[in-house]
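Shown next: work32.pdb, containing PDB, C-alpha atoms and all ligand atoms.
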```
ATOM      1  CA  MET A   1      -9.993 100.721  85.267
ATOM      2  CA  ARG A   2      -6.498  99.864  84.080
ATOM      3  CA  ALA A   3      -4.230 102.242  82.177
ATOM      4  CA  THR A   4      -4.344 101.919  78.411
ATOM      5  CA  VAL A   5      -1.342 100.843  76.403
ATOM      6  CA  SER A   6      -1.249 103.981  74.349
ATOM      7  CA  GLU A   7      -0.013 106.129  77.210
ATOM      8  CA  GLU A   8       3.488 107.594  77.096
ATOM      9  CA  ARG A   9       4.345 106.398  73.600
ATOM     10  CA  LEU A  10       4.419 102.765  74.600
ATOM     11  CA  LEU A  11       2.759 102.086  71.329
ATOM     12  CA  PRO A  12       3.310 102.762  67.657
ATOM     13  CA  GLY A  13       2.209 106.055  66.190
ATOM     14  CA  VAL A  14      -1.391 106.565  65.183
ATOM     15  CA  GLY A  15      -1.966 106.275  61.463
ATOM     16  CA  SER A  16       0.219 103.272  60.726
ATOM     17  CA  THR A  17      -2.735 100.871  60.381
ATOM     18  CA  GLY A  18      -2.392  98.957  57.123
ATOM     19  CA  THR A  19       1.364  99.464  56.817
ATOM     20  CA  PRO A  20       3.213  96.204  56.051
ATOM     21  CA  LEU A  21       5.237  95.430  59.170
ATOM     22  CA  LEU A  22       6.286  91.845  58.626
ATOM     23  CA  ARG A  23       6.456  89.780  55.503
ATOM     24  CA  LEU A  24       7.937  86.343  54.945
ATOM     25  CA  ASP A  25       8.509  85.490  51.294
ATOM     26  CA  GLY A  26       9.216  81.842  50.552
ATOM     27  CA  VAL A  27      10.923  81.259  53.879
ATOM     28  CA  ARG A  28      12.596  77.914  54.343
ATOM     29  CA  LYS A  29      14.322  76.470  57.406
ATOM     30  CA  GLN A  30      15.933  73.097  57.811
ATOM     31  CA  PHE A  31      17.689  71.443  60.746
ATOM     32  CA  GLY A  32      19.843  68.574  59.477
ATOM     33  CA  ASP A  33      17.565  66.536  57.219
ATOM     34  CA  GLU A  34      14.381  67.938  58.756
ATOM     35  CA  VAL A  35      12.663  70.618  56.731
ATOM     36  CA  VAL A  36      10.692  72.602  59.321
ATOM     37  CA  LEU A  37       9.545  75.535  57.180
ATOM     38  CA  ASP A  38       9.146  75.270  53.436
ATOM     39  CA  ARG A  39       8.150  78.192  51.202
ATOM     40  CA  VAL A  40       6.254  80.002  53.933
ATOM     41  CA  ASP A  41       4.603  83.254  52.874
ATOM     42  CA  LEU A  42       3.073  85.366  55.579
ATOM     43  CA  GLU A  43       2.210  88.999  56.140
ATOM     44  CA  VAL A  44       1.263  91.110  59.153
ATOM     45  CA  ARG A  45       0.136  94.679  58.640
ATOM     46  CA  GLY A  46      -0.298  97.438  61.154
ATOM     47  CA  GLY A  47      -3.575  96.995  63.004
ATOM     48  CA  ALA A  48      -3.765  93.243  62.359
ATOM     49  CA  LEU A  49      -3.629  90.345  64.760
ATOM     50  CA  VAL A  50      -2.603  87.187  62.924
ATOM     51  CA  GLY A  51      -2.769  83.736  64.491
ATOM     52  CA  VAL A  52      -0.458  80.919  63.415
ATOM     53  CA  VAL A  53      -1.517  77.388  64.295
ATOM     54  CA  GLY A  54       0.706  74.330  64.500
ATOM     55  CA  GLY A  55       0.759  71.229  66.693
ATOM     56  CA  PRO A  56       3.628  70.167  68.962
ATOM     57  CA  GLY A  57       6.918  70.249  67.055
ATOM     58  CA  ALA A  58       5.327  71.787  63.953
ATOM     59  CA  GLY A  59       7.759  74.687  63.865
ATOM     60  CA  LYS A  60       6.150  77.513  65.854
ATOM     61  CA  THR A  61       9.313  78.448  67.756
ATOM     62  CA  THR A  62      11.320  78.289  64.549
ATOM     63  CA  LEU A  63       8.827  80.515  62.729
ATOM     64  CA  THR A  64       8.448  83.049  65.525
ATOM     65  CA  SER A  65      12.234  83.250  66.000
ATOM     66  CA  ILE A  66      12.628  83.982  62.295
ATOM     67  CA  ALA A  67       9.756  86.494  62.326
ATOM     68  CA  ALA A  68      11.336  88.334  65.258
ATOM     69  CA  GLY A  69      14.650  88.532  63.430
ATOM     70  CA  LEU A  70      16.471  86.241  65.850
ATOM     71  CA  LEU A  71      17.086  83.314  63.493
ATOM     72  CA  PRO A  72      18.076  83.637  59.840
ATOM     73  CA  PRO A  73      16.075  81.654  57.276
ATOM     74  CA  ASP A  74      17.995  79.256  55.007
ATOM     75  CA  ASP A  75      16.141  80.630  52.026
ATOM     76  CA  GLY A  76      13.523  83.265  51.315
ATOM     77  CA  VAL A  77      13.328  86.831  52.598
ATOM     78  CA  LEU A  78      12.214  88.344  55.875
ATOM     79  CA  TRP A  79      10.931  91.867  55.406
ATOM     80  CA  LEU A  80      10.641  93.854  58.620
ATOM     81  CA  PHE A  81       9.106  97.304  58.245
ATOM     82  CA  GLY A  82       9.827  97.155  54.530
ATOM     83  CA  GLU A  83      13.510  96.257  54.887
ATOM     84  CA  ASP A  84      15.162  92.944  54.077
ATOM     85  CA  LEU A  85      16.403  92.237  57.583
ATOM     86  CA  TRP A  86      19.269  89.908  56.776
ATOM     87  CA  ASP A  87      20.440  92.032  53.886
ATOM     88  CA  GLY A  88      20.164  95.359  55.697
ATOM     89  CA  SER A  89      21.617  96.990  58.773
ATOM     90  CA  GLY A  90      19.570  94.937  61.214
ATOM     91  CA  LEU A  91      18.797  98.082  63.227
ATOM     92  CA  ILE A  92      15.098  97.714  62.488
ATOM     93  CA  ARG A  93      15.154  94.709  64.808
ATOM     94  CA  THR A  94      14.504  97.102  67.685
ATOM     95  CA  GLY A  95      10.928  97.626  66.490
ATOM     96  CA  VAL A  96       9.980  93.996  67.025
ATOM     97  CA  ALA A  97       9.838  91.953  70.210
ATOM     98  CA  LEU A  98       9.386  88.254  70.810
ATOM     99  CA  VAL A  99       7.282  87.103  73.754
ATOM    100  CA  PRO A 100       8.797  83.653  74.311
ATOM    101  CA  ALA A 101       7.043  80.512  75.467
ATOM    102  CA  ASP A 102       6.947  80.126  79.253
ATOM    103  CA  ASP A 103      10.278  79.095  80.740
ATOM    104  CA  GLY A 104       8.739  78.659  84.172
ATOM    105  CA  ALA A 105      11.118  81.211  85.689
ATOM    106  CA  VAL A 106      11.119  78.964  88.770
ATOM    107  CA  LEU A 107      14.453  80.317  89.954
ATOM    108  CA  ASP A 108      13.745  83.983  89.339
ATOM    109  CA  ARG A 109      13.539  85.557  92.791
ATOM    110  CA  ARG A 110      13.499  89.136  91.523
ATOM    111  CA  PRO A 111      10.355  91.164  92.115
ATOM    112  CA  CYS A 112       8.341  91.713  88.923
ATOM    113  CA  ARG A 113       9.031  95.450  89.024
ATOM    114  CA  ASP A 114      12.811  94.851  89.138
ATOM    115  CA  VAL A 115      12.603  92.596  86.080
ATOM    116  CA  LEU A 116      10.934  95.386  84.122
ATOM    117  CA  VAL A 117      13.215  98.154  85.373
ATOM    118  CA  GLY A 118      16.287  95.995  84.627
ATOM    119  CA  ALA A 119      15.022  95.265  81.114
ATOM    120  CA  GLY A 120      14.334  98.960  80.538
ATOM    121  CA  MET A 121      17.840  99.905  81.626
ATOM    122  CA  GLY A 122      19.131  97.102  79.392
ATOM    123  CA  HIS A 123      17.413  98.946  76.532
ATOM    124  CA  GLY A 124      19.429 102.027  77.479
ATOM    125  CA  LEU A 125      16.721 103.906  79.382
ATOM    126  CA  PRO A 126      17.844 106.004  82.373
ATOM    127  CA  ARG A 127      16.719 104.433  85.664
ATOM    128  CA  SER A 128      14.074 107.084  86.344
ATOM    129  CA  VAL A 129      12.494 106.566  82.912
ATOM    130  CA  ALA A 130      12.695 102.780  83.245
ATOM    131  CA  GLU A 131      10.986 102.990  86.636
ATOM    132  CA  ARG A 132       8.196 105.185  85.269
ATOM    133  CA  ARG A 133       7.624 102.906  82.309
ATOM    134  CA  ALA A 134       7.691  99.830  84.519
ATOM    135  CA  THR A 135       4.994 101.316  86.758
ATOM    136  CA  LEU A 136       2.827 102.138  83.761
ATOM    137  CA  LEU A 137       3.295  98.738  82.129
ATOM    138  CA  LEU A 138       2.528  96.950  85.380
ATOM    139  CA  ALA A 139      -0.781  98.844  85.393
ATOM    140  CA  VAL A 140      -1.436  98.165  81.695
ATOM    141  CA  CYS A 141      -0.888  94.446  82.230
ATOM    142  CA  GLU A 142      -2.803  94.408  85.522
ATOM    143  CA  LEU A 143       0.256  93.359  87.512
ATOM    144  CA  THR A 144       0.361  96.226  89.994
ATOM    145  CA  ASP A 145      -0.787  93.961  92.819
ATOM    146  CA  VAL A 146       2.147  91.585  92.268
ATOM    147  CA  ALA A 147       4.746  94.247  91.388
ATOM    148  CA  ASP A 148       6.789  93.531  94.496
ATOM    149  CA  LEU A 149       6.368  89.748  94.479
ATOM    150  CA  PRO A 150       9.120  87.464  93.153
ATOM    151  CA  VAL A 151       8.549  86.168  89.632
ATOM    152  CA  HIS A 152       8.662  82.542  90.738
ATOM    153  CA  GLY A 153       5.684  83.188  93.010
ATOM    154  CA  CYS A 154       3.482  84.404  90.154
ATOM    155  CA  THR A 155       0.962  82.336  88.276
ATOM    156  CA  THR A 156       1.674  81.154  84.738
ATOM    157  CA  GLY A 157      -0.690  83.853  83.464
ATOM    158  CA  GLN A 158       1.022  86.594  85.453
ATOM    159  CA  ARG A 159       4.425  85.473  84.137
ATOM    160  CA  LEU A 160       3.027  85.715  80.598
ATOM    161  CA  LEU A 161       1.787  89.227  81.327
ATOM    162  CA  LEU A 162       5.232  90.121  82.699
ATOM    163  CA  ARG A 163       6.881  88.861  79.491
ATOM    164  CA  LEU A 164       4.350  90.891  77.502
ATOM    165  CA  ALA A 165       5.102  93.986  79.590
ATOM    166  CA  THR A 166       8.838  93.423  79.036
ATOM    167  CA  ALA A 167       8.260  93.194  75.290
ATOM    168  CA  LEU A 168       6.367  96.480  75.353
ATOM    169  CA  LEU A 169       9.193  98.344  77.105
ATOM    170  CA  GLY A 170      10.792  99.310  73.832
ATOM    171  CA  GLU A 171       8.861 101.288  71.259
ATOM    172  CA  ARG A 172       7.580  98.284  69.343
ATOM    173  CA  ARG A 173       5.585  98.158  66.156
ATOM    174  CA  LEU A 174       5.380  94.377  65.984
ATOM    175  CA  LEU A 175       4.891  91.768  68.698
ATOM    176  CA  VAL A 176       5.531  88.078  68.056
ATOM    177  CA  LEU A 177       4.220  85.571  70.603
ATOM    178  CA  ASP A 178       5.371  81.950  70.730
ATOM    179  CA  ASP A 179       2.827  79.511  72.147
ATOM    180  CA  PRO A 180       1.894  81.833  75.010
ATOM    181  CA  PHE A 181      -1.293  80.367  76.454
ATOM    182  CA  THR A 182      -0.385  76.921  77.791
ATOM    183  CA  GLY A 183      -1.448  76.797  81.448
ATOM    184  CA  VAL A 184      -2.737  80.380  81.404
ATOM    185  CA  ASP A 185      -5.957  81.066  83.322
ATOM    186  CA  ALA A 186      -9.000  82.774  81.805
ATOM    187  CA  TRP A 187      -8.349  86.078  83.581
ATOM    188  CA  ALA A 188      -4.798  86.452  82.238
ATOM    189  CA  PHE A 189      -5.924  85.244  78.799
ATOM    190  CA  GLY A 190      -8.480  88.059  78.760
ATOM    191  CA  VAL A 191      -5.937  90.681  79.849
ATOM    192  CA  VAL A 192      -3.462  89.570  77.160
ATOM    193  CA  ARG A 193      -6.177  89.785  74.507
ATOM    194  CA  ALA A 194      -7.174  93.267  75.684
ATOM    195  CA  VAL A 195      -3.576  94.526  75.652
ATOM    196  CA  LEU A 196      -2.941  93.083  72.190
ATOM    197  CA  ARG A 197      -6.169  94.635  70.926
ATOM    198  CA  GLU A 198      -5.089  98.044  72.252
ATOM    199  CA  PHE A 199      -1.712  97.530  70.622
ATOM    200  CA  THR A 200      -3.235  96.791  67.208
ATOM    201  CA  ALA A 201      -5.785  99.574  67.575
ATOM    202  CA  ALA A 202      -2.811 101.946  67.874
ATOM    203  CA  GLY A 203      -1.359 100.613  64.612
ATOM    204  CA  GLY A 204       0.861  97.799  65.894
ATOM    205  CA  GLY A 205       0.860  94.316  64.410
ATOM    206  CA  VAL A 206       0.770  90.968  66.228
ATOM    207  CA  LEU A 207       1.770  87.472  65.173
ATOM    208  CA  CYS A 208       0.674  84.859  67.709
ATOM    209  CA  ALA A 209       1.623  81.185  67.325
ATOM    210  CA  VAL A 210      -0.505  78.637  69.161
ATOM    211  CA  ARG A 211      -1.083  74.890  69.142
ATOM    212  CA  SER A 212      -4.809  74.971  68.640
ATOM    213  CA  PRO A 213      -7.037  77.276  66.576
ATOM    214  CA  GLU A 214      -9.646  77.569  69.346
ATOM    215  CA  ARG A 215      -7.238  79.756  71.332
ATOM    216  CA  VAL A 216      -6.975  82.389  68.599
ATOM    217  CA  ALA A 217      -9.792  81.992  66.050
ATOM    218  CA  PRO A 218     -12.382  84.000  68.027
ATOM    219  CA  TRP A 219     -10.227  87.107  68.408
ATOM    220  CA  CYS A 220      -7.602  87.139  65.652
ATOM    221  CA  ASP A 221      -8.239  88.921  62.366
ATOM    222  CA  ARG A 222      -6.786  85.985  60.494
ATOM    223  CA  VAL A 223      -5.529  82.491  61.305
ATOM    224  CA  VAL A 224      -3.071  80.606  59.117
ATOM    225  CA  GLU A 225      -1.458  77.158  59.208
ATOM    226  CA  PRO A 226       1.847  77.571  57.408
ATOM    227  CA  PHE A 227       3.518  74.324  58.468
ATOM    228  CA  ARG A 228       4.218  70.957  56.874
ATOM    229  CA  GLY A 229       5.503  72.612  53.716
ATOM    230  CA  SER A 230       2.076  73.762  52.663
ATOM    231  CA  GLY A 231       2.807  77.468  52.740
ATOM    232  CA  CYS A 232      -0.151  79.808  53.140
ATOM    233  CA  ALA A 233      -1.950  82.251  50.982
ATOM    234  CA  PHE A 234      -0.725  85.804  50.847
ATOM    235  CA  ASP A 235      -3.355  87.811  52.662
ATOM    236  CA  SER A 236      -3.863  91.497  52.266
ATOM    237  CA  ASN A 237      -6.241  91.854  55.196
ATOM    238  CA  THR A 238      -5.451  95.198  56.740
ATOM    239  CA  ARG A 239      -7.985  95.257  59.504
TER     240      ARG A 239
HETATM  241  N1  LIG B   1      18.214  74.287  66.904
HETATM  242  C1  LIG B   1      17.645  73.177  66.426
HETATM  243  N2  LIG B   1      18.412  72.146  66.013
HETATM  244  C2  LIG B   1      17.860  71.016  65.521
HETATM  245  N3  LIG B   1      16.532  70.803  65.403
HETATM  246  C3  LIG B   1      15.723  71.792  65.814
HETATM  247  C4  LIG B   1      16.234  73.026  66.333
HETATM  248  N4  LIG B   1      15.179  73.839  66.636
HETATM  249  C5  LIG B   1      14.073  73.150  66.321
HETATM  250  N5  LIG B   1      14.395  71.926  65.833
HETATM  251  C6  LIG B   1      13.456  70.909  65.366
HETATM  252  O1  LIG B   1      12.539  71.574  64.510
HETATM  253  C7  LIG B   1      11.214  71.042  64.706
HETATM  254  C8  LIG B   1      10.291  72.188  65.035
HETATM  255  O2  LIG B   1      10.661  72.689  66.313
HETATM  256  P1  LIG B   1       9.939  73.960  66.955
HETATM  257  O3  LIG B   1      10.501  74.104  68.335
HETATM  258  O4  LIG B   1      10.066  75.098  66.041
HETATM  259  O5  LIG B   1       8.435  73.479  66.995
HETATM  260  P2  LIG B   1       7.231  73.996  67.925
HETATM  261  O6  LIG B   1       6.013  73.963  67.064
HETATM  262  O7  LIG B   1       7.593  75.273  68.578
HETATM  263  O8  LIG B   1       7.167  72.857  69.015
HETATM  264  P3  LIG B   1       6.424  72.831  70.442
HETATM  265  O9  LIG B   1       4.976  73.112  70.209
HETATM  266  O10 LIG B   1       6.653  71.434  70.917
HETATM  267  O11 LIG B   1       7.116  73.867  71.293
HETATM  268  C9  LIG B   1      11.323  69.991  65.799
HETATM  269  O12 LIG B   1      11.396  68.720  65.204
HETATM  270  C10 LIG B   1      12.619  70.339  66.495
HETATM  271  O13 LIG B   1      13.237  69.202  67.031
END
```

Would it be possible to restate this file's structure as structure tokens?
Amino acid sequence: MRATVSEERLLPGVGSTGTPLLRLDGVRKQFGDEVVLDRVDLEVRGGALVGVVGGPGAGKTTLTSIAAGLLPPDDGVLWLFGEDLWDGSGLIRTGVALVPADDGAVLDRRPCRDVLVGAGMGHGLPRSVAERRATLLLAVCELTDVADLPVHGCTTGQRLLLRLATALLGERRLLVLDDPFTGVDAWAFGVVRAVLREFTAAGGGVLCAVRSPERVAPWCDRVVEPFRGSGCAFDSNTR
């Protein structure tokens, strides 16, 4: 049986279920004349897994980049852990991680373990701690068997799990995933779901953007379609 995510404080503290982690209030984003996001309201609380659905080009990468604090909105407010990110110190950004869409990583010849250890040291962890965390996260994400294989030799699903493991290296309270499941096999899909469920059970929150509702509807607490200027209802689901 694989290790659980809650080991060694990889996960948020127990008891934070229901706490507002992410809130977008009237967020708007425009590139040139193209309005991509218009008056988007969205909330993710601790313990909740929220799916966001939008077709190709709808604005998923734009929304997830804003939600992860990497891209400022043109208008509206992004609240992260109760703080207005772009009006505050920005330090709270460390509690959130974006799992980006697959870049293929076709040129990445580093072994999976080295990617994780390097990312951990990039977060300021001493090598010995980074190595211990990498070993644990490889087990959590069921990547132990490929730990010493180069990234470019992994399947699409294993590369997704490696990006998820990298995101979990820091002490995150919120995970944001951008269109993660394209080309991912059923086994990896199941492992990702299990890890995210453990993460939310420990009080973390997840926002997962996908192209089609079938990929998230069966296992998310809530699915919203905030694109094409429609906005979405404020939802106080705290499950
Ligand atoms: N930096 C940018 N400059 C100009 N236009 C952009 C920029 N980023 C995104 N866009 C445009 O915003 C729209 C939404 O793009 P976005 O990448 O957010 O959609 P998406 O739903 O992630 O797309 P896909 O499913 O194809 O990955 C597109 O029309 C895109 O061309």

- For this file, the PyMOL selection byres (((chain A and resi 52-68) around 7) and not hetatm) selects which residues, as an MDAnalysis selection string? chainID A and resid 36:37 50:51 69:73 96:98 176 178 208:213 223:225 227

Taking C-alpha atoms for each residue, export the selection above as a tab-separated table (two decimals), in the coordinates of the input.
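Wrote out28.tsv, looks like this:
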```
chain	number	residue	atom	x	y	z
A	36	VAL	CA	10.69	72.60	59.32
A	37	LEU	CA	9.54	75.54	57.18
A	50	VAL	CA	-2.60	87.19	62.92
A	51	GLY	CA	-2.77	83.74	64.49
A	69	GLY	CA	14.65	88.53	63.43
A	70	LEU	CA	16.47	86.24	65.85
A	71	LEU	CA	17.09	83.31	63.49
A	72	PRO	CA	18.08	83.64	59.84
A	73	PRO	CA	16.08	81.65	57.28
A	96	VAL	CA	9.98	94.00	67.03
A	97	ALA	CA	9.84	91.95	70.21
A	98	LEU	CA	9.39	88.25	70.81
A	176	VAL	CA	5.53	88.08	68.06
A	178	ASP	CA	5.37	81.95	70.73
A	208	CYS	CA	0.67	84.86	67.71
A	209	ALA	CA	1.62	81.18	67.32
A	210	VAL	CA	-0.50	78.64	69.16
A	211	ARG	CA	-1.08	74.89	69.14
A	212	SER	CA	-4.81	74.97	68.64
A	213	PRO	CA	-7.04	77.28	66.58
A	223	VAL	CA	-5.53	82.49	61.30
A	224	VAL	CA	-3.07	80.61	59.12
A	225	GLU	CA	-1.46	77.16	59.21
A	227	PHE	CA	3.52	74.32	58.47
```

- Item | Nearest to Arg193 in chain A by atom-to-atom distance, counting all atoms listed in the file, from A:Leu85, A:Leu169, A:Cys141, A:Leu136 |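 The shortest atom-to-atom distance to Arg193 in chain A comes from A:Cys141.
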
- Query: So how many Å separate CA of Arg132 in chain A and CA of Ala48 in chain A, to one decimal?
  - Reply: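 Pair CA of Arg132 in chain A / CA of Ala48 in chain A returns 28.5 Å.
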
- Task: Could you jot down the CA of Pro100 in chain A to CA of Leu175 in chain A separation for me, Å, one decimal place?
- Result: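 Value for the CA of Pro100 in chain A-CA of Leu175 in chain A distance: 10.6 Å.
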
- Give as a PyMOL selection string the residues that the PyMOL selection byres (((chain A and resi 121) around 12) and not hetatm) matches when applied to the coordinates above. chain A and resi 114-120+122-134+166+169-170

- Determine the residue set returned by the PyMOL selection byres (((chain A and resi 151) around 6) and not hetatm) for the present structure, and present it as a list in words.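 So the PyMOL selection byres (((chain A and resi 151) around 6) and not hetatm) ends up selecting Asp108, Arg109, Pro111, Cys112, Pro150, His152, Gly153 and Cys154 of chain A.
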
Expected file contents, prior selection, C-alpha atoms, as a tab-separated table (two decimals), in the coordinates of the input:
```tsv
chain	number	residue	atom	x	y	z
A	108	ASP	CA	13.74	83.98	89.34
A	109	ARG	CA	13.54	85.56	92.79
A	111	PRO	CA	10.36	91.16	92.12
A	112	CYS	CA	8.34	91.71	88.92
A	150	PRO	CA	9.12	87.46	93.15
A	152	HIS	CA	8.66	82.54	90.74
A	153	GLY	CA	5.68	83.19	93.01
A	154	CYS	CA	3.48	84.40	90.15
```

- Query: In Å to one decimal, how far is CA of Glu34 in chain A from atom O5 of ligand LIG 1 (chain B)?
  - Reply: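 Those two atoms sit 11.6 Å apart.
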
- Query: From the list A:Arg39, A:Lys29, A:Arg45, A:Arg215, which residue is nearest Thr182 in chain A when using all atoms listed in the file?
  - Reply: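 Ranked by minimum distance to Thr182 in chain A, first place goes to A:Arg215.
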
- Query: Given the choices A:Pro20, A:Gly32, A:Gly203, A:Gly46, which gets closest to ligand LIG 1 (chain B) if the distance is worked out from only C-alpha atoms and all ligand atoms?
  - Reply: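 Closest to ligand LIG 1 (chain B) of all the choices is A:Gly32.
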
- Item | Residue with smallest distance to Ala139 in chain A - pool A:Thr156, A:Arg113, A:Val106, A:Asp84, counting all atoms listed in the file |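 For Ala139 in chain A, the nearest of the given residues is A:Arg113.
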
- Task: Give the answer as one residue: which of A:Leu137, A:Leu49, A:Asp75, A:Phe189 has the shortest atom-to-atom distance to Ala217 in chain A, using all atoms listed in the file?
- Result: A:Leu49

- Message: My list of candidates is A:Val191, A:Val140, A:Ala101, A:Ala186. Which is closest to ligand LIG 1 (chain B) when distances are computed with all atoms listed in the file?
- Response: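 Smallest separation from ligand LIG 1 (chain B) among the options: A:Ala101.
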
- Item | Near-Leu174 in chain A list (7 Å; all atoms listed in the file; drop same-chain fewer than 4 positions) as an MDAnalysis selection string | chainID A and resid 21 95:97 204:206

I'd like the box whose edges run along x, y and z of the file and which contains every listed atom of ligand LIG 1 (chain B), padded by 4 Å per side; could you state its centre and edge lengths in Å, one decimal, as AutoDock Vina command-line options?
```
--center_x 11.7 --center_y 72.0 --center_z 67.9 --size_x 21.4 --size_y 14.6 --size_z 14.8
```

With N, CA and C atoms as the target, complete range 208-225 of chain A and hand it back as a compact mmCIF listing (two decimals), keeping the file's coordinate frame.
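rebuild-v7.txt, written as the output of this step:
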```txt
# COMPACT_ATOMS: atom_id res chain seq x y z
N CYS A 208 0.80 85.69 66.51
CA CYS A 208 0.67 84.86 67.71
C CYS A 208 0.57 83.39 67.30
N ALA A 209 1.61 82.61 67.67
CA ALA A 209 1.62 81.18 67.32
C ALA A 209 1.05 80.36 68.46
N VAL A 210 0.14 79.48 68.15
CA VAL A 210 -0.50 78.64 69.16
C VAL A 210 -0.66 77.21 68.63
N ARG A 211 -0.93 76.29 69.55
CA ARG A 211 -1.08 74.89 69.14
C ARG A 211 -2.45 74.59 68.56
N SER A 212 -3.46 75.35 69.04
CA SER A 212 -4.81 74.97 68.64
C SER A 212 -5.60 76.20 68.21
N PRO A 213 -6.35 76.10 67.10
CA PRO A 213 -7.04 77.28 66.58
C PRO A 213 -8.08 77.87 67.53
N GLU A 214 -8.61 77.04 68.43
CA GLU A 214 -9.65 77.57 69.35
C GLU A 214 -9.12 78.72 70.19
N ARG A 215 -7.79 78.71 70.47
CA ARG A 215 -7.24 79.76 71.33
C ARG A 215 -7.16 81.10 70.62
N VAL A 216 -7.15 81.10 69.29
CA VAL A 216 -6.98 82.39 68.60
C VAL A 216 -8.10 82.75 67.63
N ALA A 217 -8.80 81.72 67.10
CA ALA A 217 -9.79 81.99 66.05
C ALA A 217 -10.83 83.04 66.44
N PRO A 218 -11.32 83.04 67.70
CA PRO A 218 -12.38 84.00 68.03
C PRO A 218 -11.92 85.46 68.07
N TRP A 219 -10.65 85.71 68.20
CA TRP A 219 -10.23 87.11 68.41
C TRP A 219 -9.13 87.58 67.47
N CYS A 220 -8.59 86.69 66.64
CA CYS A 220 -7.60 87.14 65.65
C CYS A 220 -8.31 87.60 64.39
N ASP A 221 -7.68 88.49 63.64
CA ASP A 221 -8.24 88.92 62.37
C ASP A 221 -8.09 87.82 61.32
N ARG A 222 -7.09 86.98 61.51
CA ARG A 222 -6.79 85.98 60.49
C ARG A 222 -5.99 84.87 61.15
N VAL A 223 -6.27 83.63 60.76
CA VAL A 223 -5.53 82.49 61.30
C VAL A 223 -4.97 81.69 60.14
N VAL A 224 -3.69 81.36 60.21
CA VAL A 224 -3.07 80.61 59.12
C VAL A 224 -2.35 79.38 59.68
N GLU A 225 -2.18 78.38 58.82
CA GLU A 225 -1.46 77.16 59.21
C GLU A 225 -0.34 76.95 58.20
```
